[in-house]
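Structure file final.pdb with PDB, C-alpha atoms:
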```
ATOM      1  CA  SER J   1      33.860  29.720  49.142  1.00  0.00           C
ATOM      2  CA  GLN J   2      30.955  29.725  51.563  1.00  0.00           C
ATOM      3  CA  GLN J   3      29.072  32.987  51.517  1.00  0.00           C
ATOM      4  CA  GLY J   4      26.510  32.547  54.247  1.00  0.00           C
ATOM      5  CA  GLU J   5      27.257  31.317  57.716  1.00  0.00           C
ATOM      6  CA  GLU J   6      24.328  30.171  59.812  1.00  0.00           C
ATOM      7  CA  ASP J   7      24.211  30.470  63.549  1.00  0.00           C
ATOM      8  CA  PRO J   8      23.696  28.362  65.542  1.00  0.00           C
ATOM      9  CA  GLN J   9      24.901  25.180  63.843  1.00  0.00           C
ATOM     10  CA  ALA J  10      22.376  23.180  65.868  1.00  0.00           C
ATOM     11  CA  LEU J  11      19.270  24.148  67.822  1.00  0.00           C
ATOM     12  CA  SER J  12      16.985  21.999  69.970  1.00  0.00           C
ATOM     13  CA  ILE J  13      13.732  23.443  71.349  1.00  0.00           C
ATOM     14  CA  GLN J  14      10.394  22.246  72.710  1.00  0.00           C
ATOM     15  CA  GLU J  15       7.373  21.980  70.484  1.00  0.00           C
ATOM     16  CA  GLY J  16       5.400  25.212  70.541  1.00  0.00           C
ATOM     17  CA  GLU J  17       8.430  27.433  71.168  1.00  0.00           C
ATOM     18  CA  ASN J  18       9.843  29.846  68.607  1.00  0.00           C
ATOM     19  CA  ALA J  19      13.053  29.063  66.722  1.00  0.00           C
ATOM     20  CA  THR J  20      15.429  31.752  65.481  1.00  0.00           C
ATOM     21  CA  MET J  21      18.294  31.146  63.081  1.00  0.00           C
ATOM     22  CA  ASN J  22      20.768  33.726  61.872  1.00  0.00           C
ATOM     23  CA  CYS J  23      22.780  34.034  58.680  1.00  0.00           C
ATOM     24  CA  SER J  24      25.703  36.284  57.864  1.00  0.00           C
ATOM     25  CA  TYR J  25      27.183  36.857  54.432  1.00  0.00           C
ATOM     26  CA  LYS J  26      30.149  38.640  52.946  1.00  0.00           C
ATOM     27  CA  THR J  27      29.385  40.328  49.630  1.00  0.00           C
ATOM     28  CA  SER J  28      26.659  42.466  48.079  1.00  0.00           C
ATOM     29  CA  ILE J  29      23.579  40.503  47.162  1.00  0.00           C
ATOM     30  CA  ASN J  30      20.465  40.849  45.055  1.00  0.00           C
ATOM     31  CA  ASN J  31      18.381  38.619  47.274  1.00  0.00           C
ATOM     32  CA  LEU J  32      18.675  36.103  50.104  1.00  0.00           C
ATOM     33  CA  GLN J  33      16.716  32.878  50.285  1.00  0.00           C
ATOM     34  CA  TRP J  34      15.996  30.315  52.971  1.00  0.00           C
ATOM     35  CA  TYR J  35      15.628  26.613  52.271  1.00  0.00           C
ATOM     36  CA  ARG J  36      14.646  23.606  54.365  1.00  0.00           C
ATOM     37  CA  GLN J  37      16.099  20.128  53.955  1.00  0.00           C
ATOM     38  CA  ASN J  38      14.629  17.085  55.624  1.00  0.00           C
ATOM     39  CA  SER J  39      17.062  14.254  56.235  1.00  0.00           C
ATOM     40  CA  GLY J  40      18.087  12.579  52.989  1.00  0.00           C
ATOM     41  CA  ARG J  41      15.828  14.762  50.864  1.00  0.00           C
ATOM     42  CA  GLY J  42      16.171  17.648  48.446  1.00  0.00           C
ATOM     43  CA  LEU J  43      15.912  21.290  49.453  1.00  0.00           C
ATOM     44  CA  VAL J  44      12.591  23.071  49.634  1.00  0.00           C
ATOM     45  CA  HIS J  45      12.359  26.810  49.096  1.00  0.00           C
ATOM     46  CA  LEU J  46      10.830  28.688  52.038  1.00  0.00           C
ATOM     47  CA  ILE J  47      11.104  32.396  51.371  1.00  0.00           C
ATOM     48  CA  LEU J  48      13.017  34.978  49.324  1.00  0.00           C
ATOM     49  CA  ILE J  49      13.796  38.494  50.481  1.00  0.00           C
ATOM     50  CA  ARG J  50      15.196  41.108  48.124  1.00  0.00           C
ATOM     51  CA  SER J  51      18.051  43.423  49.046  1.00  0.00           C
ATOM     52  CA  ASN J  52      15.698  46.425  49.216  1.00  0.00           C
ATOM     53  CA  GLU J  53      13.337  44.668  51.640  1.00  0.00           C
ATOM     54  CA  ARG J  54      13.756  44.535  55.402  1.00  0.00           C
ATOM     55  CA  GLU J  55      11.157  41.978  56.478  1.00  0.00           C
ATOM     56  CA  LYS J  56       8.892  39.331  54.941  1.00  0.00           C
ATOM     57  CA  HIS J  57       6.313  36.971  56.352  1.00  0.00           C
ATOM     58  CA  SER J  58       5.002  33.657  55.102  1.00  0.00           C
ATOM     59  CA  GLY J  59       2.693  31.737  57.401  1.00  0.00           C
ATOM     60  CA  ARG J  60       4.686  30.942  60.563  1.00  0.00           C
ATOM     61  CA  LEU J  61       7.909  32.213  58.999  1.00  0.00           C
ATOM     62  CA  ARG J  62       9.360  35.672  59.431  1.00  0.00           C
ATOM     63  CA  VAL J  63      12.571  36.712  57.695  1.00  0.00           C
ATOM     64  CA  THR J  64      14.516  39.897  58.274  1.00  0.00           C
ATOM     65  CA  LEU J  65      17.394  41.313  56.259  1.00  0.00           C
ATOM     66  CA  ASP J  66      19.927  43.921  57.365  1.00  0.00           C
ATOM     67  CA  THR J  67      22.158  44.751  54.407  1.00  0.00           C
ATOM     68  CA  SER J  68      24.262  47.178  56.455  1.00  0.00           C
ATOM     69  CA  LYS J  69      25.256  44.300  58.757  1.00  0.00           C
ATOM     70  CA  LYS J  70      25.117  41.697  55.966  1.00  0.00           C
ATOM     71  CA  SER J  71      22.880  39.485  58.059  1.00  0.00           C
ATOM     72  CA  SER J  72      19.484  37.826  57.984  1.00  0.00           C
ATOM     73  CA  SER J  73      17.355  35.945  60.461  1.00  0.00           C
ATOM     74  CA  LEU J  74      14.665  33.304  60.088  1.00  0.00           C
ATOM     75  CA  LEU J  75      12.034  33.024  62.810  1.00  0.00           C
ATOM     76  CA  ILE J  76       9.724  30.019  62.969  1.00  0.00           C
ATOM     77  CA  THR J  77       6.871  30.623  65.385  1.00  0.00           C
ATOM     78  CA  ALA J  78       4.895  27.971  67.276  1.00  0.00           C
ATOM     79  CA  SER J  79       7.251  25.179  66.213  1.00  0.00           C
ATOM     80  CA  ARG J  80       5.970  21.698  65.351  1.00  0.00           C
ATOM     81  CA  ALA J  81       7.671  18.314  65.229  1.00  0.00           C
ATOM     82  CA  ALA J  82       7.436  18.472  61.429  1.00  0.00           C
ATOM     83  CA  ASP J  83       9.724  21.529  61.481  1.00  0.00           C
ATOM     84  CA  THR J  84      12.651  19.270  62.437  1.00  0.00           C
ATOM     85  CA  ALA J  85      15.076  19.720  59.536  1.00  0.00           C
ATOM     86  CA  SER J  86      18.194  21.548  58.412  1.00  0.00           C
ATOM     87  CA  TYR J  87      17.752  25.158  57.344  1.00  0.00           C
ATOM     88  CA  PHE J  88      20.037  26.905  54.879  1.00  0.00           C
ATOM     89  CA  CYS J  89      20.395  30.496  53.842  1.00  0.00           C
ATOM     90  CA  ALA J  90      21.520  31.132  50.284  1.00  0.00           C
ATOM     91  CA  THR J  91      22.550  34.369  48.640  1.00  0.00           C
ATOM     92  CA  ASP J  92      21.935  35.279  45.039  1.00  0.00           C
ATOM     93  CA  GLU J  93      24.588  37.616  43.703  1.00  0.00           C
ATOM     94  CA  TYR J  94      23.638  37.615  40.051  1.00  0.00           C
ATOM     95  CA  SER J  95      25.114  40.435  38.077  1.00  0.00           C
ATOM     96  CA  GLY J  96      25.552  41.477  34.474  1.00  0.00           C
ATOM     97  CA  GLY J  97      22.120  40.133  33.596  1.00  0.00           C
ATOM     98  CA  GLY J  98      23.047  36.521  34.190  1.00  0.00           C
ATOM     99  CA  ALA J  99      22.463  34.063  37.009  1.00  0.00           C
ATOM    100  CA  ASP J 100      25.509  32.883  38.874  1.00  0.00           C
ATOM    101  CA  GLY J 101      23.696  30.375  41.039  1.00  0.00           C
ATOM    102  CA  LEU J 102      23.216  30.410  44.779  1.00  0.00           C
ATOM    103  CA  THR J 103      25.893  30.488  47.461  1.00  0.00           C
ATOM    104  CA  PHE J 104      24.888  28.465  50.512  1.00  0.00           C
ATOM    105  CA  GLY J 105      25.833  28.501  54.145  1.00  0.00           C
ATOM    106  CA  LYS J 106      26.508  25.339  56.114  1.00  0.00           C
ATOM    107  CA  GLY J 107      23.056  25.229  57.663  1.00  0.00           C
ATOM    108  CA  THR J 108      21.365  25.082  61.044  1.00  0.00           C
ATOM    109  CA  HIS J 109      20.070  21.702  62.200  1.00  0.00           C
ATOM    110  CA  LEU J 110      16.800  22.275  64.073  1.00  0.00           C
ATOM    111  CA  ILE J 111      15.318  19.614  66.335  1.00  0.00           C
ATOM    112  CA  ILE J 112      11.840  20.060  67.767  1.00  0.00           C
ATOM    113  CA  GLN J 113      11.337  18.016  70.934  1.00  0.00           C
ATOM    114  CA  PRO J 114       7.765  16.747  71.473  1.00  0.00           C
TER
ATOM    115  CA  ASN A   1       4.581  15.502  38.195  1.00  0.00           C
ATOM    116  CA  ALA A   2       5.985  18.969  37.627  1.00  0.00           C
ATOM    117  CA  GLY A   3       9.432  19.475  39.080  1.00  0.00           C
ATOM    118  CA  VAL A   4      13.066  18.476  38.767  1.00  0.00           C
ATOM    119  CA  THR A   5      13.827  14.802  38.179  1.00  0.00           C
ATOM    120  CA  GLN A   6      17.245  13.354  38.893  1.00  0.00           C
ATOM    121  CA  THR A   7      18.461   9.895  37.968  1.00  0.00           C
ATOM    122  CA  PRO A   8      19.877   7.684  39.293  1.00  0.00           C
ATOM    123  CA  LYS A   9      19.139   8.109  43.011  1.00  0.00           C
ATOM    124  CA  PHE A  10      22.140   6.029  44.052  1.00  0.00           C
ATOM    125  CA  GLN A  11      25.339   5.063  42.235  1.00  0.00           C
ATOM    126  CA  VAL A  12      28.595   3.346  43.125  1.00  0.00           C
ATOM    127  CA  LEU A  13      31.540   3.888  40.798  1.00  0.00           C
ATOM    128  CA  LYS A  14      35.070   2.611  40.726  1.00  0.00           C
ATOM    129  CA  THR A  15      37.892   5.109  40.566  1.00  0.00           C
ATOM    130  CA  GLY A  16      38.502   6.112  36.952  1.00  0.00           C
ATOM    131  CA  GLN A  17      35.056   5.253  35.672  1.00  0.00           C
ATOM    132  CA  SER A  18      32.907   7.861  33.971  1.00  0.00           C
ATOM    133  CA  MET A  19      29.190   8.413  34.229  1.00  0.00           C
ATOM    134  CA  THR A  20      26.439  10.932  33.583  1.00  0.00           C
ATOM    135  CA  LEU A  21      23.997  12.200  36.186  1.00  0.00           C
ATOM    136  CA  GLN A  22      20.716  13.109  34.555  1.00  0.00           C
ATOM    137  CA  CYS A  23      18.574  16.131  35.388  1.00  0.00           C
ATOM    138  CA  ALA A  24      15.311  17.084  33.713  1.00  0.00           C
ATOM    139  CA  GLN A  25      12.731  19.743  34.498  1.00  0.00           C
ATOM    140  CA  ASP A  26       9.284  20.285  32.985  1.00  0.00           C
ATOM    141  CA  MET A  27       8.618  23.818  34.217  1.00  0.00           C
ATOM    142  CA  ASN A  28      10.185  25.630  31.245  1.00  0.00           C
ATOM    143  CA  HIS A  29      12.830  27.096  33.540  1.00  0.00           C
ATOM    144  CA  GLU A  30      15.706  28.871  31.821  1.00  0.00           C
ATOM    145  CA  TYR A  31      18.186  28.624  34.687  1.00  0.00           C
ATOM    146  CA  MET A  32      19.572  25.292  35.824  1.00  0.00           C
ATOM    147  CA  SER A  33      22.456  24.412  38.105  1.00  0.00           C
ATOM    148  CA  TRP A  34      24.306  21.537  39.745  1.00  0.00           C
ATOM    149  CA  TYR A  35      25.443  21.465  43.374  1.00  0.00           C
ATOM    150  CA  ARG A  36      27.280  18.984  45.511  1.00  0.00           C
ATOM    151  CA  GLN A  37      26.627  18.573  49.207  1.00  0.00           C
ATOM    152  CA  ASP A  38      29.319  17.231  51.495  1.00  0.00           C
ATOM    153  CA  PRO A  39      28.981  16.728  55.268  1.00  0.00           C
ATOM    154  CA  GLY A  40      29.557  19.989  57.108  1.00  0.00           C
ATOM    155  CA  MET A  41      30.120  21.942  53.872  1.00  0.00           C
ATOM    156  CA  GLY A  42      26.653  23.004  52.796  1.00  0.00           C
ATOM    157  CA  LEU A  43      26.007  23.053  49.041  1.00  0.00           C
ATOM    158  CA  ARG A  44      28.607  24.182  46.545  1.00  0.00           C
ATOM    159  CA  LEU A  45      27.919  25.199  42.954  1.00  0.00           C
ATOM    160  CA  ILE A  46      29.544  23.015  40.273  1.00  0.00           C
ATOM    161  CA  HIS A  47      28.173  24.348  36.966  1.00  0.00           C
ATOM    162  CA  TYR A  48      25.190  26.390  35.900  1.00  0.00           C
ATOM    163  CA  SER A  49      23.305  27.317  32.743  1.00  0.00           C
ATOM    164  CA  VAL A  50      21.276  30.421  31.918  1.00  0.00           C
ATOM    165  CA  GLY A  51      19.613  28.838  28.875  1.00  0.00           C
ATOM    166  CA  ALA A  52      19.978  26.243  26.142  1.00  0.00           C
ATOM    167  CA  GLY A  53      23.476  26.309  24.685  1.00  0.00           C
ATOM    168  CA  ILE A  54      24.937  28.422  27.518  1.00  0.00           C
ATOM    169  CA  THR A  55      26.869  26.990  30.469  1.00  0.00           C
ATOM    170  CA  ASP A  56      29.409  28.329  32.915  1.00  0.00           C
ATOM    171  CA  GLN A  57      31.545  27.158  35.817  1.00  0.00           C
ATOM    172  CA  GLY A  58      30.674  27.497  39.447  1.00  0.00           C
ATOM    173  CA  GLU A  59      32.835  27.211  42.542  1.00  0.00           C
ATOM    174  CA  VAL A  60      33.984  23.581  42.140  1.00  0.00           C
ATOM    175  CA  PRO A  61      33.926  22.645  38.411  1.00  0.00           C
ATOM    176  CA  ASN A  62      37.053  20.491  38.157  1.00  0.00           C
ATOM    177  CA  GLY A  63      36.352  16.912  37.090  1.00  0.00           C
ATOM    178  CA  TYR A  64      32.868  17.687  35.790  1.00  0.00           C
ATOM    179  CA  ASN A  65      31.422  18.621  32.400  1.00  0.00           C
ATOM    180  CA  VAL A  66      27.969  19.875  31.478  1.00  0.00           C
ATOM    181  CA  SER A  67      26.015  20.657  28.349  1.00  0.00           C
ATOM    182  CA  ARG A  68      22.586  22.186  27.742  1.00  0.00           C
ATOM    183  CA  SER A  69      21.214  21.190  24.367  1.00  0.00           C
ATOM    184  CA  THR A  70      17.568  21.648  25.404  1.00  0.00           C
ATOM    185  CA  THR A  71      15.731  23.790  27.944  1.00  0.00           C
ATOM    186  CA  GLU A  72      14.561  20.671  29.794  1.00  0.00           C
ATOM    187  CA  ASP A  73      17.789  18.712  30.311  1.00  0.00           C
ATOM    188  CA  PHE A  74      21.053  19.523  32.054  1.00  0.00           C
ATOM    189  CA  PRO A  75      23.250  16.404  32.449  1.00  0.00           C
ATOM    190  CA  LEU A  76      26.386  16.370  34.595  1.00  0.00           C
ATOM    191  CA  ARG A  77      29.271  14.195  33.421  1.00  0.00           C
ATOM    192  CA  LEU A  78      32.011  12.835  35.641  1.00  0.00           C
ATOM    193  CA  LEU A  79      34.980  12.319  33.365  1.00  0.00           C
ATOM    194  CA  SER A  80      37.157  10.059  35.541  1.00  0.00           C
ATOM    195  CA  ALA A  81      35.646   9.449  38.956  1.00  0.00           C
ATOM    196  CA  ALA A  82      37.784  10.022  42.052  1.00  0.00           C
ATOM    197  CA  PRO A  83      37.017   9.239  45.724  1.00  0.00           C
ATOM    198  CA  SER A  84      36.913  13.001  46.371  1.00  0.00           C
ATOM    199  CA  GLN A  85      33.782  13.123  44.208  1.00  0.00           C
ATOM    200  CA  THR A  86      31.874  10.980  46.681  1.00  0.00           C
ATOM    201  CA  SER A  87      28.985  13.288  47.563  1.00  0.00           C
ATOM    202  CA  VAL A  88      25.299  13.967  47.162  1.00  0.00           C
ATOM    203  CA  TYR A  89      24.533  15.848  43.951  1.00  0.00           C
ATOM    204  CA  PHE A  90      21.550  18.150  43.515  1.00  0.00           C
ATOM    205  CA  CYS A  91      20.165  19.705  40.382  1.00  0.00           C
ATOM    206  CA  ALA A  92      18.103  22.892  40.688  1.00  0.00           C
ATOM    207  CA  SER A  93      16.191  25.168  38.343  1.00  0.00           C
ATOM    208  CA  THR A  94      14.402  28.505  38.391  1.00  0.00           C
ATOM    209  CA  LEU A  95      12.494  30.627  35.887  1.00  0.00           C
ATOM    210  CA  SER A  96      14.786  33.599  36.468  1.00  0.00           C
ATOM    211  CA  PRO A  97      16.997  34.997  39.257  1.00  0.00           C
ATOM    212  CA  GLY A  98      14.984  36.638  41.966  1.00  0.00           C
ATOM    213  CA  THR A  99      11.798  34.735  41.184  1.00  0.00           C
ATOM    214  CA  PRO A 100       9.784  34.735  44.426  1.00  0.00           C
ATOM    215  CA  GLY A 101       9.498  30.944  44.309  1.00  0.00           C
ATOM    216  CA  GLY A 102      13.268  30.530  44.365  1.00  0.00           C
ATOM    217  CA  TYR A 103      14.911  27.431  42.955  1.00  0.00           C
ATOM    218  CA  THR A 104      13.262  24.016  42.666  1.00  0.00           C
ATOM    219  CA  PHE A 105      15.586  21.195  43.676  1.00  0.00           C
ATOM    220  CA  GLY A 106      15.626  17.581  42.640  1.00  0.00           C
ATOM    221  CA  SER A 107      15.757  14.808  45.238  1.00  0.00           C
ATOM    222  CA  GLY A 108      19.457  14.200  44.698  1.00  0.00           C
ATOM    223  CA  THR A 109      21.887  11.509  43.529  1.00  0.00           C
ATOM    224  CA  ARG A 110      24.009   9.864  46.199  1.00  0.00           C
ATOM    225  CA  LEU A 111      27.329   8.925  44.565  1.00  0.00           C
ATOM    226  CA  THR A 112      30.035   6.787  46.118  1.00  0.00           C
ATOM    227  CA  VAL A 113      33.403   6.370  44.399  1.00  0.00           C
ATOM    228  CA  VAL A 114      35.498   3.449  45.633  1.00  0.00           C
TER
END
```
As structure tokens, the full file:
Amino acid sequence: SQQGEEDPQALSIQEGENATMNCSYKTSINNLQWYRQNSGRGLVHLILIRSNEREKHSGRLRVTLDTSKKSSSLLITASRAADTASYFCATDEYSGGGADGLTFGKGTHLIIQP
Amino acid sequence: NAGVTQTPKFQVLKTGQSMTLQCAQDMNHEYMSWYRQDPGMGLRLIHYSVGAGITDQGEVPNGYNVSRSTTEDFPLRLLSAAPSQTSVYFCASTLSPGTPGGYTFGSGTRLTVV
């Protein structure tokens, strides 16, 4: 079953504006990750935030995590045309010392208008 | 080039045929996994492996088999292809759960079953 649910499903903004995407999940997690997928391509890892962290930054990306609300947000500042892609959150629930793989949401399709 | 290599990139099968999707990584990653991506469904975990000789089922394992005889390779076998298996398949690997770099994904295999 889908763990994460991204919101909104689609987002169109002007180049230079900030883009915010949200993700909600259902169960306890060890970490939450964000990935980008350009049309017809594989997924590229953007950032990982652990369950004991509240905020992380990487370049123009800012991720927050609220475990009490089981939600995360991804902020892309000063958007560029090259940021046009689908963005997925994925939760890692590994337990018992093993890896159970990632559980993905359905994604947010971001379009940056020139 | 270091990364995850998937072959073939495209494949058309007839219902009932069998085939193997290849996945190889050269990063000495212990953890490998297979996902399928369907329109509007995000990615769903098929099978995963935590090391050579160890595999386990994910969310949607029916109709697929895997084996992990070496650290580098993790092939996915379709036993008797069905139209419902038409999808894009991604292989992914990581050194260990929670690694800051997340999972590395291959570029995918687009499979059509007619």
Report task. Name the residues captured by the PyMOL selection byres ((chain A) within 12 of (chain J)) when it is applied to the shown file; answer as a PyMOL selection string. Result -> chain A and resi 3-6+9-10+30-51+54-60+88-110
Need the shell around Pro83 in chain A: protein/DNA/RNA residues with any atom at most 10 Å away, counting all atoms listed in the file. Skip same-chain ones fewer than 5 positions apart. Format as a PDB file with C-alpha atoms, in the frame of the given file?
```
ATOM      1  CA  LEU A  13      31.540   3.888  40.798  1.00  0.00           C
ATOM      2  CA  LYS A  14      35.070   2.611  40.726  1.00  0.00           C
ATOM      3  CA  THR A  15      37.892   5.109  40.566  1.00  0.00           C
ATOM      4  CA  GLY A  16      38.502   6.112  36.952  1.00  0.00           C
ATOM      5  CA  LEU A 111      27.329   8.925  44.565  1.00  0.00           C
ATOM      6  CA  THR A 112      30.035   6.787  46.118  1.00  0.00           C
ATOM      7  CA  VAL A 113      33.403   6.370  44.399  1.00  0.00           C
ATOM      8  CA  VAL A 114      35.498   3.449  45.633  1.00  0.00           C
TER       9      VAL A 114
END
```
Query raised in the report: Could you list as number ranges by chain every residue that has an atom within 12 Å of (18.5, 25.5, 68.2), using the file's coordinates and counting only C-alpha atoms?
Result: J: 6-15, 17-22, 74-76, 79, 83-87, 107-113
Requested in this report: For the file shown, report as a count of residues only the outcome of the PyMOL selection byres ((chain A and resi 22) around 6) at residue level.
Outcome: 5
Could you give me the axis-aligned bounding box of range 2-17 of chain J, with 4 Å of padding per side, as centre plus edge lengths in Å to one decimal, as lines of an AutoDock Vina configuration file?
```
center_x = 18.2
center_y = 27.5
center_z = 62.1
size_x = 33.6
size_y = 19.0
size_z = 29.2
```
**Report entry** Tyr64 in chain A surroundings by all atoms listed in the file, 8 Å radius, close-in-sequence under 3 positions cut, as a VMD selection string
**Finding:** chain A and resid 46 61 76 to 79
Query raised in the report: What gap, in Å, lies between CA of Asn38 in chain J and CA of Arg54 in chain J?
Result: 27.5 Å
Report summary line: CA of His29 in chain A sits from CA of Lys70 in chain J at a separation of 29.4 Å
Query - Å distance separating CA of Lys26 in chain J from CA of Asp66 in chain J, one decimal place - result: 12.3 Å
Requested in this report: Extract, using all atoms listed in the file, all DNA, RNA and protein residues at most 7 Å from Asp73 in chain A, discarding same-chain residues fewer than 3 positions from it, and format them as a PyMOL selection string.
Outcome: chain A and resi 23-25+68+70
Output the selection as a tab-separated table (two decimals), keeping the file's coordinate frame - C-alpha atoms for each residue.
```
chain	number	residue	atom	x	y	z
A	23	CYS	CA	18.57	16.13	35.39
A	24	ALA	CA	15.31	17.08	33.71
A	25	GLN	CA	12.73	19.74	34.50
A	68	ARG	CA	22.59	22.19	27.74
A	70	THR	CA	17.57	21.65	25.40
```
Report task. Name the residues that the PyMOL selection byres ((chain J and resi 68) around 12) pulls out of this structure, and write them as a list in words. Result -> Ser24, Tyr25, Lys26, Thr27, Ser28, Ile29, Ser51, Asn52, Arg54, Leu65, Asp66, Thr67, Lys69, Lys70, Ser71 and Ser72 of chain J
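Restricting the calculation to all atoms listed in the file, the smallest distance between Glu55 in chain J and any of J:Cys23, J:Arg36, J:Pro114, J:Ser73 is found for J:Ser73.
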Since fewer atoms than expected are present, regenerate N, CA, C and O atoms for range 91-107 of chain A and write them as a short mmCIF file (atom, residue, chain, number, x, y, z; two decimals), keeping the file's coordinate frame.
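Written output follows (selection17.cif):
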```cif
data_model
loop_
_atom_site.label_atom_id
_atom_site.label_comp_id
_atom_site.auth_asym_id
_atom_site.auth_seq_id
_atom_site.Cartn_x
_atom_site.Cartn_y
_atom_site.Cartn_z
N CYS A 91 20.46 18.85 41.52
CA CYS A 91 20.16 19.70 40.38
C CYS A 91 19.05 20.66 40.79
O CYS A 91 18.14 20.27 41.55
N ALA A 92 19.11 21.90 40.33
CA ALA A 92 18.10 22.89 40.69
C ALA A 92 17.78 23.75 39.48
O ALA A 92 18.63 23.96 38.60
N SER A 93 16.58 24.29 39.45
CA SER A 93 16.19 25.17 38.34
C SER A 93 15.30 26.29 38.85
O SER A 93 14.67 26.19 39.91
N THR A 94 15.28 27.38 38.09
CA THR A 94 14.40 28.50 38.39
C THR A 94 14.05 29.22 37.09
O THR A 94 14.82 29.16 36.12
N LEU A 95 12.93 29.91 37.09
CA LEU A 95 12.49 30.63 35.89
C LEU A 95 13.48 31.76 35.58
O LEU A 95 13.92 31.93 34.45
N SER A 96 13.82 32.53 36.62
CA SER A 96 14.79 33.60 36.47
C SER A 96 15.29 33.98 37.85
O SER A 96 14.60 33.72 38.85
N PRO A 97 16.48 34.60 37.95
CA PRO A 97 17.00 35.00 39.26
C PRO A 97 16.03 35.95 39.95
O PRO A 97 15.46 36.82 39.31
N GLY A 98 15.86 35.76 41.22
CA GLY A 98 14.98 36.64 41.97
C GLY A 98 13.52 36.29 41.88
O GLY A 98 12.68 36.99 42.45
N THR A 99 13.19 35.18 41.19
CA THR A 99 11.80 34.74 41.18
C THR A 99 11.36 34.43 42.61
O THR A 99 12.07 33.74 43.33
N PRO A 100 10.21 34.94 43.03
CA PRO A 100 9.78 34.74 44.43
C PRO A 100 9.77 33.27 44.86
O PRO A 100 9.98 32.97 46.03
N GLY A 101 9.54 32.35 43.94
CA GLY A 101 9.50 30.94 44.31
C GLY A 101 10.85 30.30 44.45
O GLY A 101 10.96 29.13 44.82
N GLY A 102 11.93 31.05 44.20
CA GLY A 102 13.27 30.53 44.36
C GLY A 102 13.57 29.40 43.39
O GLY A 102 12.97 29.29 42.33
N TYR A 103 14.50 28.57 43.78
CA TYR A 103 14.91 27.43 42.96
C TYR A 103 14.13 26.19 43.38
O TYR A 103 13.83 26.00 44.56
N THR A 104 13.85 25.33 42.41
CA THR A 104 13.26 24.02 42.67
C THR A 104 14.38 22.99 42.57
O THR A 104 15.10 22.95 41.57
N PHE A 105 14.51 22.19 43.62
CA PHE A 105 15.59 21.20 43.68
C PHE A 105 15.05 19.80 43.39
O PHE A 105 13.91 19.46 43.74
N GLY A 106 15.91 18.99 42.75
CA GLY A 106 15.63 17.58 42.64
C GLY A 106 15.90 16.87 43.96
O GLY A 106 16.38 17.48 44.91
N SER A 107 15.61 15.57 44.00
CA SER A 107 15.76 14.81 45.24
C SER A 107 17.17 14.30 45.46
O SER A 107 17.46 13.73 46.51
#
```
